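For reference, the structure is listed below as structure tokens.
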Amino acid sequence: MSLRRRSRAILRTAATATLVAATACANVEGLQNDGDLGTAHAPRTLWKDFRPDPPAPGQQSGAATAVPGLAKVPGLSMQGVNAVDVVRADITAANAADAGTGRLVDPRAIQRIALCTQAVDGGPDCPVRPAVLADVTGNGRAELITALDIDGRLSELRVYTVQDDGTIARILSRRGVLEGVEVAAEHLAVREPTSNPKKVSISDYVWDPEAGIMNLSQLTLDECPNEGDPCPAAGPRAAAGNG
């Protein structure tokens with residue numbers, strides 16, 4: 001074979017080997033043309049010069065709030081404590097503290113709690129939900145969990161504990177659409193609808209012994225099993241209430 005023919009053969013072999021190698025690489029790595037993926041943009045910060053005012057006294061989170069006007073609890077047990085009396089005292093104090101602005105409690109709460117009578121359960125028109133006793137602090141003493149329904153959708157969720165001196169203190173205050181409330185050990189999960197009808201948000205509150213309150217520990221989204229139907233409270237945990 002002449003030198004020229006040998007050179008052409010070598011070039012053809014090299015070209016074939018390159019093509020095979022490129023094809024093999026494409027098969028292994030999945031190389032393909034995905035088209036124009038667009039241009040990545042850094043996030044824009046909106047309203048840089050606007051900052052919220054700091055919370056006023058009494059509006060700062062991070063500490064349990066003693067409910068004024070209530071007698072100390074004998075034996076440090078919530079058993080036998082009237083939930084309506086506790087919610088009434090709490091709502092009245094919160095409404096006075098925020099002057100009806102709605103920052104601490106819905107302004108309609110005073111009118112709603114006025115529907116409750118002096119009956120043990122508050123009477124047939126009382127919007128305070130039946131109290132649930134559960135130990136969410138891990139100290140062996142049950143806390144009182146209840147909610148005040150503002151209208152057919154919005155509610156004020158409240159959790160109260162008995163402190164070592166016998167005073168009743170609020171350790172969680174949460175306004176929202178209570179599609180489901182679940183309690184287990186030192187956790188309280190609140191399920192609420194979102195703007196996406198296929199998803200529900202789950203706020204998981206956990207007892208914080210240093211702060212002395214229930215703190216938000218996790219916020220997740222869950223899929224609704226059936227589009228158009230309310231997302232049911234899921235999981236093995238016992239329900240503390242459903243809205």
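Residue numbering restarts at 1 for every chain of the structure tokens, chains are lettered A, B, ... in their displayed order, and ligands are numbered from 1 as they appear.
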
Write out as a Markdown table the residues of stretch 96-135 of chain A that have any atom within 12 Å of an atom of stretch 158-175 of chain A, one row each with the nearest atom pair and its distance in Å to one decimal, counting only C-alpha atoms, sorted by chain and then rising number.
| residue | atom | partner | partner_atom | distance |
| --- | --- | --- | --- | --- |
| A:Gly102 | CA | A:Arg175 | CA | 10.4 |
| A:Arg103 | CA | A:Arg175 | CA | 10.1 |
| A:Leu104 | CA | A:Ser173 | CA | 8.6 |
| A:Val105 | CA | A:Arg175 | CA | 7.8 |
| A:Asp106 | CA | A:Arg175 | CA | 8.1 |
| A:Pro107 | CA | A:Arg175 | CA | 11.9 |
| A:Ala109 | CA | A:Arg175 | CA | 11.2 |
| A:Val128 | CA | A:Arg158 | CA | 10.3 |
| A:Arg129 | CA | A:Arg158 | CA | 10.3 |
| A:Pro130 | CA | A:Arg158 | CA | 11.9 |
| A:Ala131 | CA | A:Val159 | CA | 9.7 |
| A:Val132 | CA | A:Val159 | CA | 9.6 |
| A:Leu133 | CA | A:Val159 | CA | 9.7 |
| A:Ala134 | CA | A:Val159 | CA | 9.9 |
| A:Asp135 | CA | A:Thr161 | CA | 9.1 |

- prompt: Which residue, A:Ala94, A:Ala142, A:Val84, A:Ile150, has the smallest gap to A:Gln118 when you use only C-alpha atoms?
  reply: A:Val84

- prompt: Could you pull out all residues of stretch 58-220 of chain A with a DSSP call of helix (DSSP H, G or I) and give them as a count of residues only?
  reply: 24

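The residue that comes closest to A:Ala97, out of A:Pro74, A:Leu221, A:Pro68, A:Ala119 and on the basis of only C-alpha atoms, is A:Pro68.
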
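Between atom CA of A:Val87 and atom CA of A:Leu144 the separation is 10.4 Å.
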